[in-house]
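Source file: upload21.pdb. Holds: PDB, C-alpha atoms.
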MODEL        1
ATOM      1  CA  MET A   1       0.000   0.000   0.000
ATOM      2  CA  SER A   2       3.030   2.312   0.356
ATOM      3  CA  ASN A   3       3.153   2.539  -3.462
ATOM      4  CA  ARG A   4      -0.402   3.877  -3.466
ATOM      5  CA  ARG A   5       0.494   6.362  -0.731
ATOM      6  CA  LEU A   6       3.441   7.651  -2.724
ATOM      7  CA  GLN A   7       1.471   7.710  -5.986
ATOM      8  CA  THR A   8      -1.373   9.600  -4.300
ATOM      9  CA  LEU A   9       1.044  12.235  -3.024
ATOM     10  CA  VAL A  10       2.630  12.509  -6.488
ATOM     11  CA  GLU A  11      -0.834  13.079  -7.991
ATOM     12  CA  ALA A  12      -1.558  15.705  -5.328
ATOM     13  CA  SER A  13       1.749  17.425  -6.083
ATOM     14  CA  LYS A  14       0.790  17.659  -9.772
ATOM     15  CA  ARG A  15      -2.190  19.732  -8.621
ATOM     16  CA  GLY A  16      -0.110  22.080  -6.480
ATOM     17  CA  LEU A  17      -0.913  20.310  -3.208
ATOM     18  CA  THR A  18       1.340  18.943  -0.499
ATOM     19  CA  LEU A  19       0.895  16.705   2.543
ATOM     20  CA  HIS A  20      -0.339  18.595   5.592
ATOM     21  CA  PHE A  21      -1.333  15.761   7.958
ATOM     22  CA  ASP A  22      -1.034  11.975   7.788
ATOM     23  CA  PRO A  23      -3.087  10.564  10.660
ATOM     24  CA  PRO A  24      -2.337   7.256  12.350
ATOM     25  CA  VAL A  25      -4.457   4.334  11.204
ATOM     26  CA  VAL A  26      -6.583   3.558  14.265
ATOM     27  CA  LYS A  27     -10.221   2.402  14.165
ATOM     28  CA  ASN A  28     -10.656   3.580  10.530
ATOM     29  CA  ARG A  29     -10.899   7.190  11.692
ATOM     30  CA  CYS A  30      -8.326   8.798   9.362
ATOM     31  CA  PHE A  31     -10.958  10.820   7.440
ATOM     32  CA  TYR A  32     -12.435  12.158  10.703
ATOM     33  CA  ARG A  33      -8.973  12.996  12.057
ATOM     34  CA  CYS A  34      -8.149  14.962   8.896
ATOM     35  CA  LEU A  35     -11.490  16.748   9.002
ATOM     36  CA  ALA A  36     -11.035  17.596  12.686
ATOM     37  CA  LYS A  37      -7.524  18.952  12.067
ATOM     38  CA  SER A  38      -8.774  21.083   9.198
ATOM     39  CA  LEU A  39     -11.674  22.469  11.250
ATOM     40  CA  GLY A  40      -9.635  22.985  14.419
ATOM     41  CA  MET A  41     -11.841  20.616  16.419
ATOM     42  CA  SER A  42     -11.328  17.365  18.283
ATOM     43  CA  GLU A  43     -11.916  14.120  16.426
ATOM     44  CA  ASP A  44     -14.553  13.008  18.956
ATOM     45  CA  HIS A  45     -16.430  16.303  18.569
ATOM     46  CA  VAL A  46     -16.455  15.971  14.768
ATOM     47  CA  VAL A  47     -17.700  12.365  14.965
ATOM     48  CA  GLU A  48     -20.428  13.279  17.497
ATOM     49  CA  MET A  49     -21.591  16.256  15.426
ATOM     50  CA  LEU A  50     -21.585  14.221  12.226
ATOM     51  CA  GLU A  51     -23.493  11.312  13.763
ATOM     52  CA  SER A  52     -26.066  13.696  15.222
ATOM     53  CA  PHE A  53     -26.430  15.447  11.866
ATOM     54  CA  MET A  54     -26.815  12.155   9.995
ATOM     55  CA  ILE A  55     -29.408  10.810  12.426
ATOM     56  CA  SER A  56     -31.459  13.988  11.974
ATOM     57  CA  ASN A  57     -30.954  14.213   8.210
ATOM     58  CA  GLN A  58     -31.661  10.865   6.557
ATOM     59  CA  VAL A  59     -33.279  12.794   3.710
ATOM     60  CA  ILE A  60     -31.395  15.823   2.437
ATOM     61  CA  SER A  61     -32.047  18.409  -0.251
ATOM     62  CA  CYS A  62     -29.493  18.444  -3.060
ATOM     63  CA  LEU A  63     -29.014  20.485  -6.187
ATOM     64  CA  ASN A  64     -29.137  18.310  -9.307
ATOM     65  CA  LYS A  65     -27.202  18.922 -12.542
ATOM     66  CA  ASP A  66     -29.869  21.379 -13.688
ATOM     67  CA  GLY A  67     -29.636  23.394 -10.466
ATOM     68  CA  GLU A  68     -33.008  22.163  -9.223
ATOM     69  CA  VAL A  69     -33.546  20.988  -5.643
ATOM     70  CA  GLU A  70     -34.337  17.320  -5.150
ATOM     71  CA  GLU A  71     -34.670  15.164  -2.043
ATOM     72  CA  LYS A  72     -32.307  12.220  -1.509
ATOM     73  CA  ASP A  73     -32.735   9.445   1.047
ATOM     74  CA  LEU A  74     -29.173   8.677   2.161
ATOM     75  CA  PHE A  75     -30.125   5.243   3.521
ATOM     76  CA  GLN A  76     -30.717   3.938  -0.011
ATOM     77  CA  TYR A  77     -27.049   4.634  -0.874
ATOM     78  CA  LEU A  78     -25.722   2.256   1.789
ATOM     79  CA  SER A  79     -25.092  -1.406   1.023
ATOM     80  CA  ASP A  80     -23.828  -4.506   2.817
ATOM     81  CA  ALA A  81     -20.313  -3.637   1.603
ATOM     82  CA  ASP A  82     -20.345  -0.509   3.800
ATOM     83  CA  PHE A  83     -20.588  -2.698   6.925
ATOM     84  CA  PRO A  84     -17.883  -5.381   6.764
ATOM     85  CA  ARG A  85     -17.820  -5.832  10.549
ATOM     86  CA  LEU A  86     -21.582  -6.341  10.728
ATOM     87  CA  GLY A  87     -21.736  -8.421   7.563
ATOM     88  CA  LYS A  88     -24.795  -6.626   6.210
ATOM     89  CA  ARG A  89     -26.513  -3.272   6.135
ATOM     90  CA  PRO A  90     -28.615  -2.640   9.242
ATOM     91  CA  SER A  91     -32.368  -2.453   8.800
ATOM     92  CA  SER A  92     -32.822   1.108  10.082
ATOM     93  CA  TRP A  93     -31.133   4.451   9.462
ATOM     94  CA  LEU A  94     -30.271   4.891  13.160
ATOM     95  CA  GLN A  95     -28.585   1.467  13.301
ATOM     96  CA  ALA A  96     -26.748   2.245  10.051
ATOM     97  CA  VAL A  97     -25.360   5.544  11.365
ATOM     98  CA  GLU A  98     -24.262   3.862  14.596
ATOM     99  CA  GLY A  99     -22.798   0.957  12.594
ATOM    100  CA  LEU A 100     -20.669   3.311  10.499
ATOM    101  CA  ARG A 101     -18.879   4.635  13.588
ATOM    102  CA  ASN A 102     -15.738   2.503  13.201
ATOM    103  CA  GLU A 103     -16.049   1.457   9.574
ATOM    104  CA  MET A 104     -14.262   2.960   6.614
ATOM    105  CA  THR A 105     -15.662   6.348   5.672
ATOM    106  CA  THR A 106     -18.460   6.087   3.125
ATOM    107  CA  HIS A 107     -19.628   8.573   0.522
ATOM    108  CA  ILE A 108     -22.667   9.197   2.743
ATOM    109  CA  ALA A 109     -20.453  10.277   5.662
ATOM    110  CA  ILE A 110     -18.417  12.524   3.346
ATOM    111  CA  LEU A 111     -21.544  14.091   1.835
ATOM    112  CA  SER A 112     -22.984  14.615   5.317
ATOM    113  CA  ALA A 113     -19.747  16.294   6.451
ATOM    114  CA  ALA A 114     -19.888  18.601   3.422
ATOM    115  CA  ALA A 115     -23.477  19.529   4.319
ATOM    116  CA  LEU A 116     -22.904  19.934   8.055
ATOM    117  CA  PHE A 117     -19.752  22.058   7.801
ATOM    118  CA  ALA A 118     -20.639  23.753   4.442
ATOM    119  CA  LEU A 119     -17.532  22.399   2.721
ATOM    120  CA  GLU A 120     -16.230  21.639  -0.723
ATOM    121  CA  MET A 121     -13.977  18.594  -0.405
ATOM    122  CA  HIS A 122     -11.522  17.572  -3.113
ATOM    123  CA  ILE A 123     -10.444  13.935  -2.811
ATOM    124  CA  ILE A 124      -7.514  12.836  -4.984
ATOM    125  CA  ASP A 125      -6.736   9.140  -5.357
ATOM    126  CA  TRP A 126      -3.624   7.204  -6.427
ATOM    127  CA  GLU A 127      -4.759   7.137 -10.063
ATOM    128  CA  GLY A 128      -5.119  10.911 -10.227
ATOM    129  CA  ARG A 129      -8.901  10.895 -10.141
ATOM    130  CA  THR A 130     -10.411  13.775  -8.233
ATOM    131  CA  GLU A 131     -13.829  13.621  -6.664
ATOM    132  CA  ILE A 132     -15.342  16.888  -5.535
ATOM    133  CA  VAL A 133     -18.003  16.618  -2.836
ATOM    134  CA  ARG A 134     -19.879  19.846  -2.166
ATOM    135  CA  ASN A 135     -22.384  20.962   0.382
ATOM    136  CA  PRO A 136     -25.659  19.765  -1.183
ATOM    137  CA  SER A 137     -27.299  23.154  -0.578
ATOM    138  CA  GLY A 138     -24.668  24.764  -2.791
ATOM    139  CA  GLN A 139     -23.227  27.180  -0.214
ATOM    140  CA  THR A 140     -19.648  26.485   0.869
ATOM    141  CA  TYR A 141     -17.394  28.295   3.304
ATOM    142  CA  ALA A 142     -14.148  26.395   2.791
ATOM    143  CA  LYS A 143     -12.324  23.936   0.544
ATOM    144  CA  ILE A 144     -10.521  20.969   2.037
ATOM    145  CA  PHE A 145      -8.177  18.704   0.093
ATOM    146  CA  PHE A 146      -7.689  15.000   0.851
ATOM    147  CA  ALA A 147      -5.457  12.294  -0.565
ATOM    148  CA  TYR A 148      -7.030   8.820  -0.633
ATOM    149  CA  THR A 149      -5.015   5.612  -1.071
ATOM    150  CA  GLY A 150      -7.966   3.228  -1.233
ATOM    151  CA  ASP A 151      -7.962   2.608   2.512
ATOM    152  CA  HIS A 152      -6.436   5.726   4.072
ATOM    153  CA  TYR A 153      -7.099   9.476   3.980
ATOM    154  CA  MET A 154      -4.478  12.196   4.361
ATOM    155  CA  LEU A 155      -5.022  15.944   4.616
ATOM    156  CA  LEU A 156      -3.471  18.102   1.913
ATOM    157  CA  ARG A 157      -2.927  21.828   1.543
ATOM    158  CA  PRO A 158      -1.927  24.081  -1.338
ATOM    159  CA  ARG A 159       1.855  24.438  -1.517
ATOM    160  CA  ASN A 160       1.629  28.210  -1.209
ATOM    161  CA  ASP A 161      -0.709  27.967   1.796
ATOM    162  CA  ALA A 162       2.045  27.661   4.407
ATOM    163  CA  PRO A 163       1.118  29.253   7.720
ATOM    164  CA  GLN A 164       2.292  32.837   7.933
ATOM    165  CA  ILE A 165       3.634  33.826  11.336
ATOM    166  CA  SER A 166       3.887  37.496  12.091
ATOM    167  CA  LYS A 167       6.477  38.533  14.641
ATOM    168  CA  ALA A 168       5.300  42.126  14.713
ATOM    169  CA  THR A 169       3.968  43.163  18.084
ATOM    170  CA  SER A 170       2.397  46.363  19.246
ATOM    171  CA  THR A 171       2.214  47.719  22.751
ATOM    172  CA  GLU A 172      -0.172  50.491  21.749
ATOM    173  CA  LYS A 173      -3.682  50.165  23.149
ATOM    174  CA  HIS A 174      -6.621  52.091  21.784
ATOM    175  CA  ARG A 175      -8.904  53.615  24.336
ATOM    176  CA  ASN A 176     -12.429  52.235  24.443
ATOM    177  CA  ALA A 177     -11.726  49.753  21.634
ATOM    178  CA  PRO A 178     -13.182  46.311  22.341
ATOM    179  CA  GLN A 179     -10.738  43.423  22.400
ATOM    180  CA  PHE A 180     -11.525  40.589  20.004
ATOM    181  CA  HIS A 181     -10.130  37.314  18.774
ATOM    182  CA  HIS A 182     -10.967  34.822  16.066
ATOM    183  CA  ASP A 183     -12.251  31.465  17.328
ATOM    184  CA  GLY A 184     -10.805  29.466  14.417
ATOM    185  CA  GLN A 185     -14.146  29.094  12.696
ATOM    186  CA  LYS A 186     -15.914  32.001  11.020
ATOM    187  CA  ASN A 187     -16.758  33.904  14.199
ATOM    188  CA  ILE A 188     -15.082  36.940  15.660
ATOM    189  CA  ILE A 189     -15.644  37.165  19.379
ATOM    190  CA  LEU A 190     -15.728  40.544  21.104
ATOM    191  CA  GLU A 191     -14.643  40.620  24.717
TER     192      GLU A 191
ENDMDL
END

Target encoding structure tokens, full file:
Amino acid sequence: MSNRRLQTLVEASKRGLTLHFDPPVVKNRCFYRCLAKSLGMSEDHVVEMLESFMISNQVISCLNKDGEVEEKDLFQYLSDADFPRLGKRPSSWLQAVEGLRNEMTTHIAILSAAALFALEMHIIDWEGRTEIVRNPSGQTYAKIFFAYTGDHYMLLRPRNDAPQISKATSTEKHRNAPQFHHDGQKNIILE
């Protein structure tokens, strides 16, 4: 599988991307670890939020190729192959969501993550194929890039997207100006 890992990273490099995070392979959670790192959240929090979202959103509204809204029942996209530990697809949506907890990430989990976090996810595989999964409502706040080897996800970033660290400091304080900080999401918090 190391050949696929290397080939996936070569394909990512051809697109101007580089490895940002290669999570350990534990309990098939590499996709969730990458997503959590990208969002600045804990893995457990991401998994809990995603499970809660999926349980509440078995049917979601999606834009079709013509830009029209249509309803999709996510349960119909799951098969026995999505549940190798159980041997077959559970009979209810709730059991299916719970059963996916420690299985390989499915397209349904990826689509649900795109909807929940309003993302556009680019997934590049070892053969150079790129799948783009967008928030079904059409509105996205961020793009995330993944490399996929067939059984492992890695987080990518654009080569020119290296963190910029400013060493400039200011001791000047402005009277009556509220202090604020960015919480890592899209919110600015005034103190």

With a distance cut-off of 12 Å and all atoms listed in the file, select the neighbouring residues of region 71-85 of chain A, excluding the residue or stretch itself and same-chain residues fewer than 3 positions from it, and output the selection as number ranges by chain. A: 27-28, 54-64, 68, 88-112, 136-137

Fewer than 6 positions away in the same chain doesn't count, so skip those; otherwise give me all residues within 10 Å of His45 (chain A), counting only C-alpha atoms, as an MDAnalysis selection string. chainID A and resid 32 36 51

Mind listing as a list in words all residues within 12 Å of (0.8, 5.6, -6.6), counting all atoms listed in the file?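 Result, sorted by chain then residue number: Met1, Ser2, Asn3, Arg4, Arg5, Leu6, Gln7, Thr8, Leu9, Val10, Glu11, Ala12, Ser13, Ile124, Asp125, Trp126, Glu127, Gly128, Arg129, Ala147, Tyr148, Thr149 and Gly150 of chain A.
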
A:Leu116, A:Tyr153, A:Phe145, A:Thr140: which is nearest Ser52 (chain A), counting all atoms listed in the file? A:Leu116

Figure out the distance between CA of Leu86 (chain A) and CA of Val25 (chain A), please, to one decimal in Å. 20.2 Å

Around region 76-87 of chain A, with edges along x, y and z and 8 Å added on all six sides, what centre and edge lengths do you get, in Å to one decimal, as JSON?
{"center_x": -24.3, "center_y": -1.9, "center_z": 4.9, "size_x": 28.9, "size_y": 29.1, "size_z": 27.6}

On this file, the PyMOL selection byres ((chain A and resi 16) around 9) gives some set of residues; write that set as a list in words.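 So the PyMOL selection byres ((chain A and resi 16) around 9) ends up selecting Ala12, Ser13, Lys14, Arg15, Leu17, Thr18, Arg157, Pro158, Arg159 and Asn160 of chain A.
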
Using Å and a single decimal, report how far CA of Ile144 (chain A) sits from CA of Gly67 (chain A). 23.0 Å

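CA of Val26 (chain A) is positioned 25.2 Å from CA of Lys143 (chain A).
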
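Take the PyMOL selection byres ((chain A and resi 38) around 12) and apply it to this file: it picks A:His20, A:Phe21, A:Phe31, A:Tyr32, A:Arg33, A:Cys34, A:Leu35, A:Ala36, A:Lys37, A:Leu39, A:Gly40, A:Met41, A:Ser42, A:Glu43, A:Val46, A:Phe117, A:Leu119, A:Met121, A:Ala142, A:Lys143, A:Ile144, A:Phe145, A:Phe146, A:Met154, A:Leu155, A:Leu156, A:Arg157, A:Gly184, A:Gln185.
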
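For Gln139 (chain A), the non-local neighbours within 9 Å, defined as residues at least 4 positions apart in the same chain or in other chains and counting only C-alpha atoms, are Ala115, Ala118, Leu119, Glu120, Arg134 and Asn135 of chain A.
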
If you keep C-alpha atoms, can you produce a file of those selected residues as a short mmCIF file (atom, residue, chain, number, x, y, z; two decimals), in the frame of the given file?
data_model
loop_
_atom_site.label_atom_id
_atom_site.label_comp_id
_atom_site.auth_asym_id
_atom_site.auth_seq_id
_atom_site.Cartn_x
_atom_site.Cartn_y
_atom_site.Cartn_z
CA ALA A 115 -23.48 19.53 4.32
CA ALA A 118 -20.64 23.75 4.44
CA LEU A 119 -17.53 22.40 2.72
CA GLU A 120 -16.23 21.64 -0.72
CA ARG A 134 -19.88 19.85 -2.17
CA ASN A 135 -22.38 20.96 0.38
#
